[in-house]
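Trainee: A single structure is presented below for examination.
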Amino acid sequence: MKKAAALLVFVFVSQAHAEAFSSAPIDSAILDTKTMNVTLSMSVSNPCVRVALPQVTQDAVNPTVLTIRAMTGRSIGACISMISEKVQTVNLPTLLEMASIQVSQFATYTVHFEGMEQELIVPGNRLTITVQPQPTLQ
């Protein structure tokens, strides 16, 4: 009985802390080609929102087209922020890995940022994370 009550409390607390995320248009995106970190800047109507991890989708018809969508959620607790421009830096290869996006190191990818007309053209070998050592020619 105690386990059932504990599970019920856990489910209730989890649902109480669950929050809805919404997308926010990206105003600018700057790619650091050395680190492959992309810095996203977005304007939000409510300065009390916080920035969540961006979402990445791969086009079903053309898998070399990737779309990055900035996500925001409500801040928990009292809001003292007066800044409505939010900035976030993420590592592009890590973001793709976390989203389980299949990337070929031999393809060239078009990265579209939702809310912007400008796109980035990135070689696939810059978007892959390799944990295995590369073979060396002797």
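By convention here, the chains of the structure tokens are called A, B, ... in the order presented, each chain's residues are numbered starting at 1, and ligands are numbered starting at 1 in the order presented.
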Could you give me, as a list in words, the residues within 9 Å of Asp27 of chain A, counting only C-alpha atoms and dropping anything in the same chain fewer than 5 positions from it?
Mentor: Leu40, Ser41, Met42, Ser43, Phe113, Glu114, Gly115 and Met116 of chain A
Trainee: For the residues in the current selection, export N, CA and C atoms as a PDB file, in the first residue's frame.
Mentor:
```
ATOM      1  N   LEU A  40      22.109  31.039 -30.862  1.00  0.00           N
ATOM      2  CA  LEU A  40      20.781  31.440 -31.315  1.00  0.00           C
ATOM      3  C   LEU A  40      20.311  32.626 -30.494  1.00  0.00           C
ATOM      4  N   SER A  41      19.711  33.581 -31.163  1.00  0.00           N
ATOM      5  CA  SER A  41      19.134  34.733 -30.491  1.00  0.00           C
ATOM      6  C   SER A  41      17.670  34.815 -30.891  1.00  0.00           C
ATOM      7  N   MET A  42      16.804  34.992 -29.903  1.00  0.00           N
ATOM      8  CA  MET A  42      15.377  35.086 -30.184  1.00  0.00           C
ATOM      9  C   MET A  42      14.735  36.131 -29.290  1.00  0.00           C
ATOM     10  N   SER A  43      13.728  36.806 -29.820  1.00  0.00           N
ATOM     11  CA  SER A  43      12.949  37.764 -29.045  1.00  0.00           C
ATOM     12  C   SER A  43      11.667  37.082 -28.616  1.00  0.00           C
ATOM     13  N   PHE A 113      16.893  27.701 -39.893  1.00  0.00           N
ATOM     14  CA  PHE A 113      16.499  28.112 -38.546  1.00  0.00           C
ATOM     15  C   PHE A 113      15.107  28.717 -38.628  1.00  0.00           C
ATOM     16  N   GLU A 114      14.155  28.133 -37.894  1.00  0.00           N
ATOM     17  CA  GLU A 114      12.770  28.594 -37.959  1.00  0.00           C
ATOM     18  C   GLU A 114      12.677  30.059 -37.535  1.00  0.00           C
ATOM     19  N   GLY A 115      12.107  30.857 -38.412  1.00  0.00           N
ATOM     20  CA  GLY A 115      11.965  32.282 -38.149  1.00  0.00           C
ATOM     21  C   GLY A 115      12.945  33.122 -38.956  1.00  0.00           C
ATOM     22  N   MET A 116      13.942  32.487 -39.559  1.00  0.00           N
ATOM     23  CA  MET A 116      14.952  33.189 -40.351  1.00  0.00           C
ATOM     24  C   MET A 116      14.881  32.734 -41.805  1.00  0.00           C
TER      25      MET A 116
END
```
Trainee: If I take atom CA of Ala24 of chain A and atom CA of Val103 of chain A, how far is one from the other in Å, to one decimal?
Mentor: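 We find that atom CA of Ala24 of chain A and atom CA of Val103 of chain A lie 25.4 Å from each other.
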Trainee: Which residue is closest to Pro25 of chain A? Choose from A:Pro93, A:Pro123, A:Pro54, A:Pro47 and count only C-alpha atoms.
Mentor: A:Pro54
Trainee: Out of A:Asn125, A:Gln58, A:Ser84, A:Ser23, which residue has the shortest atom-to-atom distance to Ser100 of chain A when counting only C-alpha atoms?
Mentor: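 So, comparing all the options, the nearest one is A:Gln58.
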Trainee: Of the residues A:Ser28, A:Thr94, A:Thr108, A:Thr72, which is the one nearest to Val56 of chain A, using only C-alpha atoms?
Mentor: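 Closest candidate: A:Thr94.
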Trainee: DSSP on the backbone: which residues in segment 23-135 of chain A end up as alpha helix (DSSP H)? Give the answer as number ranges by chain.
Mentor: A: 92-98
Trainee: For Asp59 of chain A, list every protein, DNA or RNA residue within 12 Å, evaluated using only C-alpha atoms, and leave out those in the same chain fewer than 3 positions away; present the list as a list in words.
Mentor: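 Surrounding residues, per the criterion: Val56, Asn62, Pro63, Thr64, Val65, Leu66, Thr67, Ile68, Ile101, Gln102, Tyr109, Thr110, Val111 and His112 of chain A.
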Trainee: Write the residues of the preceding selection, restricted to all heavy atoms, as an mmCIF file, in the first residue's frame.
Mentor:
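Dumped everything to out_29.cif:
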```
data_model
loop_
_atom_site.group_PDB
_atom_site.id
_atom_site.type_symbol
_atom_site.label_atom_id
_atom_site.label_comp_id
_atom_site.auth_asym_id
_atom_site.auth_seq_id
_atom_site.Cartn_x
_atom_site.Cartn_y
_atom_site.Cartn_z
ATOM 1 N N VAL A 56 15.320 19.662 -33.406
ATOM 2 C CA VAL A 56 15.820 19.519 -34.771
ATOM 3 C C VAL A 56 14.958 18.502 -35.497
ATOM 4 O O VAL A 56 14.647 17.441 -34.946
ATOM 5 C CB VAL A 56 17.280 19.023 -34.786
ATOM 6 C CG1 VAL A 56 17.801 18.936 -36.206
ATOM 7 C CG2 VAL A 56 18.164 19.906 -33.951
ATOM 8 N N ASN A 62 13.784 15.357 -48.400
ATOM 9 C CA ASN A 62 15.197 15.642 -48.636
ATOM 10 C C ASN A 62 15.933 15.587 -47.296
ATOM 11 O O ASN A 62 15.975 16.580 -46.572
ATOM 12 C CB ASN A 62 15.365 17.016 -49.292
ATOM 13 C CG ASN A 62 16.801 17.317 -49.650
ATOM 14 O OD1 ASN A 62 17.707 16.538 -49.364
ATOM 15 N ND2 ASN A 62 17.006 18.454 -50.277
ATOM 16 N N PRO A 63 16.533 14.456 -46.950
ATOM 17 C CA PRO A 63 17.159 14.310 -45.628
ATOM 18 C C PRO A 63 18.390 15.175 -45.401
ATOM 19 O O PRO A 63 18.909 15.216 -44.292
ATOM 20 C CB PRO A 63 17.514 12.820 -45.558
ATOM 21 C CG PRO A 63 17.414 12.295 -46.935
ATOM 22 C CD PRO A 63 16.563 13.230 -47.722
ATOM 23 N N THR A 64 18.836 15.908 -46.413
ATOM 24 C CA THR A 64 19.965 16.815 -46.200
ATOM 25 C C THR A 64 19.501 18.199 -45.745
ATOM 26 O O THR A 64 20.316 19.097 -45.573
ATOM 27 C CB THR A 64 20.825 16.958 -47.477
ATOM 28 O OG1 THR A 64 20.023 17.502 -48.515
ATOM 29 C CG2 THR A 64 21.421 15.621 -47.890
ATOM 30 N N VAL A 65 18.205 18.363 -45.534
ATOM 31 C CA VAL A 65 17.656 19.618 -45.024
ATOM 32 C C VAL A 65 17.256 19.414 -43.566
ATOM 33 O O VAL A 65 16.451 18.538 -43.245
ATOM 34 C CB VAL A 65 16.444 20.100 -45.852
ATOM 35 C CG1 VAL A 65 15.824 21.343 -45.226
ATOM 36 C CG2 VAL A 65 16.856 20.364 -47.285
ATOM 37 N N LEU A 66 17.856 20.200 -42.689
ATOM 38 C CA LEU A 66 17.583 20.136 -41.253
ATOM 39 C C LEU A 66 16.959 21.450 -40.816
ATOM 40 O O LEU A 66 17.368 22.521 -41.281
ATOM 41 C CB LEU A 66 18.872 19.889 -40.476
ATOM 42 C CG LEU A 66 19.720 18.698 -40.922
ATOM 43 C CD1 LEU A 66 21.063 18.706 -40.212
ATOM 44 C CD2 LEU A 66 18.982 17.401 -40.661
ATOM 45 N N THR A 67 15.975 21.387 -39.933
ATOM 46 C CA THR A 67 15.335 22.591 -39.407
ATOM 47 C C THR A 67 15.521 22.623 -37.895
ATOM 48 O O THR A 67 15.239 21.642 -37.206
ATOM 49 C CB THR A 67 13.831 22.618 -39.746
ATOM 50 O OG1 THR A 67 13.689 22.567 -41.165
ATOM 51 C CG2 THR A 67 13.169 23.869 -39.216
ATOM 52 N N ILE A 68 16.000 23.756 -37.402
ATOM 53 C CA ILE A 68 16.179 23.947 -35.962
ATOM 54 C C ILE A 68 15.115 24.914 -35.473
ATOM 55 O O ILE A 68 14.932 25.993 -36.036
ATOM 56 C CB ILE A 68 17.589 24.469 -35.638
ATOM 57 C CG1 ILE A 68 18.612 23.421 -36.065
ATOM 58 C CG2 ILE A 68 17.718 24.816 -34.159
ATOM 59 C CD1 ILE A 68 20.037 23.793 -35.804
ATOM 60 N N ILE A 101 19.355 12.233 -35.282
ATOM 61 C CA ILE A 101 19.363 12.574 -36.704
ATOM 62 C C ILE A 101 20.521 11.823 -37.364
ATOM 63 O O ILE A 101 21.655 11.906 -36.906
ATOM 64 C CB ILE A 101 19.532 14.097 -36.918
ATOM 65 C CG1 ILE A 101 18.415 14.874 -36.229
ATOM 66 C CG2 ILE A 101 19.643 14.437 -38.395
ATOM 67 C CD1 ILE A 101 17.059 14.735 -36.844
ATOM 68 N N GLN A 102 20.216 11.096 -38.422
ATOM 69 C CA GLN A 102 21.243 10.361 -39.152
ATOM 70 C C GLN A 102 21.940 11.315 -40.116
ATOM 71 O O GLN A 102 21.299 11.926 -40.966
ATOM 72 C CB GLN A 102 20.616 9.200 -39.923
ATOM 73 C CG GLN A 102 19.965 8.163 -39.021
ATOM 74 C CD GLN A 102 20.981 7.494 -38.105
ATOM 75 O OE1 GLN A 102 22.073 7.151 -38.525
ATOM 76 N NE2 GLN A 102 20.613 7.313 -36.853
ATOM 77 N N TYR A 109 24.785 19.508 -45.921
ATOM 78 C CA TYR A 109 23.491 19.752 -45.286
ATOM 79 C C TYR A 109 23.134 21.229 -45.307
ATOM 80 O O TYR A 109 23.991 22.094 -45.151
ATOM 81 C CB TYR A 109 23.497 19.238 -43.841
ATOM 82 C CG TYR A 109 23.531 17.733 -43.801
ATOM 83 C CD1 TYR A 109 24.736 17.036 -43.877
ATOM 84 C CD2 TYR A 109 22.355 17.002 -43.728
ATOM 85 C CE1 TYR A 109 24.761 15.649 -43.875
ATOM 86 C CE2 TYR A 109 22.370 15.626 -43.733
ATOM 87 C CZ TYR A 109 23.576 14.959 -43.808
ATOM 88 O OH TYR A 109 23.588 13.594 -43.824
ATOM 89 N N THR A 110 21.842 21.480 -45.497
ATOM 90 C CA THR A 110 21.289 22.826 -45.399
ATOM 91 C C THR A 110 20.587 22.901 -44.047
ATOM 92 O O THR A 110 19.673 22.124 -43.772
ATOM 93 C CB THR A 110 20.275 23.098 -46.525
ATOM 94 O OG1 THR A 110 20.940 22.919 -47.774
ATOM 95 C CG2 THR A 110 19.717 24.503 -46.421
ATOM 96 N N VAL A 111 21.047 23.831 -43.213
ATOM 97 C CA VAL A 111 20.460 24.000 -41.881
ATOM 98 C C VAL A 111 19.606 25.261 -41.904
ATOM 99 O O VAL A 111 20.111 26.362 -42.119
ATOM 100 C CB VAL A 111 21.548 24.089 -40.785
ATOM 101 C CG1 VAL A 111 20.907 24.213 -39.415
ATOM 102 C CG2 VAL A 111 22.472 22.878 -40.847
ATOM 103 N N HIS A 112 18.308 25.058 -41.719
ATOM 104 C CA HIS A 112 17.342 26.152 -41.703
ATOM 105 C C HIS A 112 16.961 26.430 -40.249
ATOM 106 O O HIS A 112 16.734 25.505 -39.478
ATOM 107 C CB HIS A 112 16.093 25.778 -42.509
ATOM 108 C CG HIS A 112 15.007 26.781 -42.416
ATOM 109 N ND1 HIS A 112 15.059 27.997 -43.045
ATOM 110 C CD2 HIS A 112 13.839 26.766 -41.742
ATOM 111 C CE1 HIS A 112 13.970 28.680 -42.770
ATOM 112 N NE2 HIS A 112 13.211 27.960 -41.978
#
```
Trainee: From the options A:Arg69, A:Lys86, A:Arg126, A:Arg50, which residue's atoms come nearest to Lys34 of chain A, counting only C-alpha atoms?
Mentor: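 Closest to Lys34 of chain A of all the choices is A:Arg126.
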Trainee: Can you tell me, as a ChimeraX atom specification, which residues in segment 33-115 of chain A count as strand (DSSP E) by DSSP?
Mentor: /A:37-43,49-58,65-74,85-91,108-113
Trainee: Any chance you can output those residues with N, CA, C and O atoms as a compact mmCIF listing (two decimals), in the first residue's frame?
Mentor:
```txt
# COMPACT_ATOMS: atom_id res chain seq x y z
N ASN A 37 29.73 25.32 -32.52
CA ASN A 37 28.70 25.84 -31.63
C ASN A 37 27.90 26.88 -32.40
O ASN A 37 28.46 27.73 -33.09
N VAL A 38 26.59 26.82 -32.26
CA VAL A 38 25.72 27.81 -32.89
C VAL A 38 25.05 28.61 -31.77
O VAL A 38 24.54 28.04 -30.81
N THR A 39 25.12 29.94 -31.90
CA THR A 39 24.50 30.83 -30.93
C THR A 39 23.21 31.36 -31.53
O THR A 39 23.22 32.00 -32.58
N LEU A 40 22.11 31.04 -30.86
CA LEU A 40 20.78 31.44 -31.32
C LEU A 40 20.31 32.63 -30.49
O LEU A 40 20.46 32.65 -29.28
N SER A 41 19.71 33.58 -31.16
CA SER A 41 19.13 34.73 -30.49
C SER A 41 17.67 34.82 -30.89
O SER A 41 17.35 34.70 -32.07
N MET A 42 16.80 34.99 -29.90
CA MET A 42 15.38 35.09 -30.18
C MET A 42 14.74 36.13 -29.29
O MET A 42 15.16 36.33 -28.16
N SER A 43 13.73 36.81 -29.82
CA SER A 43 12.95 37.76 -29.04
C SER A 43 11.67 37.08 -28.62
O SER A 43 10.99 36.45 -29.43
N VAL A 49 9.92 33.92 -19.70
CA VAL A 49 10.09 32.57 -20.23
C VAL A 49 11.58 32.21 -20.21
O VAL A 49 12.44 33.07 -20.22
N ARG A 50 11.84 30.91 -20.19
CA ARG A 50 13.22 30.44 -20.25
C ARG A 50 13.40 29.62 -21.52
O ARG A 50 12.44 29.08 -22.06
N VAL A 51 14.61 29.56 -21.97
CA VAL A 51 14.92 28.87 -23.21
C VAL A 51 15.19 27.40 -22.90
O VAL A 51 15.91 27.07 -21.97
N ALA A 52 14.58 26.52 -23.70
CA ALA A 52 14.78 25.08 -23.56
C ALA A 52 15.68 24.61 -24.70
O ALA A 52 16.03 25.38 -25.59
N LEU A 53 16.01 23.34 -24.69
CA LEU A 53 16.85 22.77 -25.74
C LEU A 53 16.13 22.87 -27.08
O LEU A 53 14.96 22.50 -27.19
N PRO A 54 16.80 23.38 -28.12
CA PRO A 54 16.15 23.48 -29.44
C PRO A 54 15.79 22.10 -29.98
O PRO A 54 16.41 21.10 -29.63
N GLN A 55 14.81 22.07 -30.85
CA GLN A 55 14.39 20.84 -31.50
C GLN A 55 14.91 20.84 -32.94
O GLN A 55 14.92 21.88 -33.59
N VAL A 56 15.32 19.66 -33.41
CA VAL A 56 15.82 19.52 -34.77
C VAL A 56 14.96 18.50 -35.50
O VAL A 56 14.65 17.44 -34.95
N THR A 57 14.58 18.83 -36.73
CA THR A 57 13.85 17.88 -37.56
C THR A 57 14.59 17.73 -38.88
O THR A 57 15.25 18.66 -39.34
N GLN A 58 14.45 16.55 -39.45
CA GLN A 58 15.06 16.25 -40.74
C GLN A 58 13.95 16.11 -41.76
O GLN A 58 12.96 15.42 -41.51
N VAL A 65 18.20 18.36 -45.53
CA VAL A 65 17.66 19.62 -45.02
C VAL A 65 17.26 19.41 -43.57
O VAL A 65 16.45 18.54 -43.24
N LEU A 66 17.86 20.20 -42.69
CA LEU A 66 17.58 20.14 -41.25
C LEU A 66 16.96 21.45 -40.82
O LEU A 66 17.37 22.52 -41.28
N THR A 67 15.98 21.39 -39.93
CA THR A 67 15.33 22.59 -39.41
C THR A 67 15.52 22.62 -37.90
O THR A 67 15.24 21.64 -37.21
N ILE A 68 16.00 23.76 -37.40
CA ILE A 68 16.18 23.95 -35.96
C ILE A 68 15.12 24.91 -35.47
O ILE A 68 14.93 25.99 -36.04
N ARG A 69 14.41 24.50 -34.43
CA ARG A 69 13.32 25.28 -33.84
C ARG A 69 13.69 25.60 -32.39
O ARG A 69 13.96 24.70 -31.61
N ALA A 70 13.69 26.88 -32.05
CA ALA A 70 13.95 27.30 -30.67
C ALA A 70 12.72 27.01 -29.82
O ALA A 70 11.59 27.20 -30.26
N MET A 71 12.95 26.52 -28.62
CA MET A 71 11.86 26.17 -27.72
C MET A 71 11.97 26.99 -26.44
O MET A 71 13.06 27.20 -25.92
N THR A 72 10.82 27.43 -25.92
CA THR A 72 10.77 28.17 -24.67
C THR A 72 9.71 27.56 -23.76
O THR A 72 8.79 26.90 -24.22
N GLY A 73 9.87 27.78 -22.47
CA GLY A 73 8.91 27.32 -21.48
C GLY A 73 8.76 28.37 -20.40
O GLY A 73 9.58 29.29 -20.29
N ARG A 74 7.75 28.23 -19.62
CA ARG A 74 7.50 29.19 -18.54
C ARG A 74 8.52 29.01 -17.42
O ARG A 74 8.87 27.90 -17.07
N GLU A 85 15.03 39.44 -24.93
CA GLU A 85 15.87 38.80 -25.94
C GLU A 85 16.65 37.69 -25.25
O GLU A 85 17.34 37.91 -24.27
N LYS A 86 16.48 36.49 -25.74
CA LYS A 86 17.12 35.32 -25.15
C LYS A 86 18.21 34.83 -26.09
O LYS A 86 18.05 34.82 -27.31
N VAL A 87 19.33 34.41 -25.52
CA VAL A 87 20.46 33.90 -26.28
C VAL A 87 20.81 32.52 -25.76
O VAL A 87 20.81 32.29 -24.55
N GLN A 88 21.09 31.62 -26.68
CA GLN A 88 21.43 30.25 -26.31
C GLN A 88 22.51 29.73 -27.26
O GLN A 88 22.43 29.95 -28.46
N THR A 89 23.50 29.06 -26.69
CA THR A 89 24.56 28.45 -27.50
C THR A 89 24.51 26.94 -27.32
O THR A 89 24.47 26.45 -26.19
N VAL A 90 24.47 26.23 -28.45
CA VAL A 90 24.44 24.77 -28.43
C VAL A 90 25.45 24.25 -29.44
O VAL A 90 25.76 24.91 -30.43
N ASN A 91 25.96 23.06 -29.19
CA ASN A 91 26.87 22.41 -30.11
C ASN A 91 26.03 21.67 -31.15
O ASN A 91 25.23 20.81 -30.81
N THR A 108 26.31 17.13 -47.95
CA THR A 108 26.30 18.53 -47.55
C THR A 108 24.89 18.85 -47.08
O THR A 108 23.91 18.51 -47.74
N TYR A 109 24.79 19.51 -45.92
CA TYR A 109 23.49 19.75 -45.29
C TYR A 109 23.13 21.23 -45.31
O TYR A 109 23.99 22.09 -45.15
N THR A 110 21.84 21.48 -45.50
CA THR A 110 21.29 22.83 -45.40
C THR A 110 20.59 22.90 -44.05
O THR A 110 19.67 22.12 -43.77
N VAL A 111 21.05 23.83 -43.21
CA VAL A 111 20.46 24.00 -41.88
C VAL A 111 19.61 25.26 -41.90
O VAL A 111 20.11 26.36 -42.12
N HIS A 112 18.31 25.06 -41.72
CA HIS A 112 17.34 26.15 -41.70
C HIS A 112 16.96 26.43 -40.25
O HIS A 112 16.73 25.50 -39.48
N PHE A 113 16.89 27.70 -39.89
CA PHE A 113 16.50 28.11 -38.55
C PHE A 113 15.11 28.72 -38.63
O PHE A 113 14.90 29.69 -39.37
```
Trainee: At what distance in Å, to one decimal, does atom CA of Ile129 of chain A lie from atom CA of Leu92 of chain A?
Mentor: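 Answer for the atom CA of Leu92 of chain A to atom CA of Ile129 of chain A separation: 10.0 Å.
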Trainee: Counting only C-alpha atoms, figure out which residue out of A:Ser45, A:Leu120, A:Glu97, A:Val61 gets nearest to Leu31 of chain A.
Mentor: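 Closest to Leu31 of chain A of all the choices is A:Leu120.
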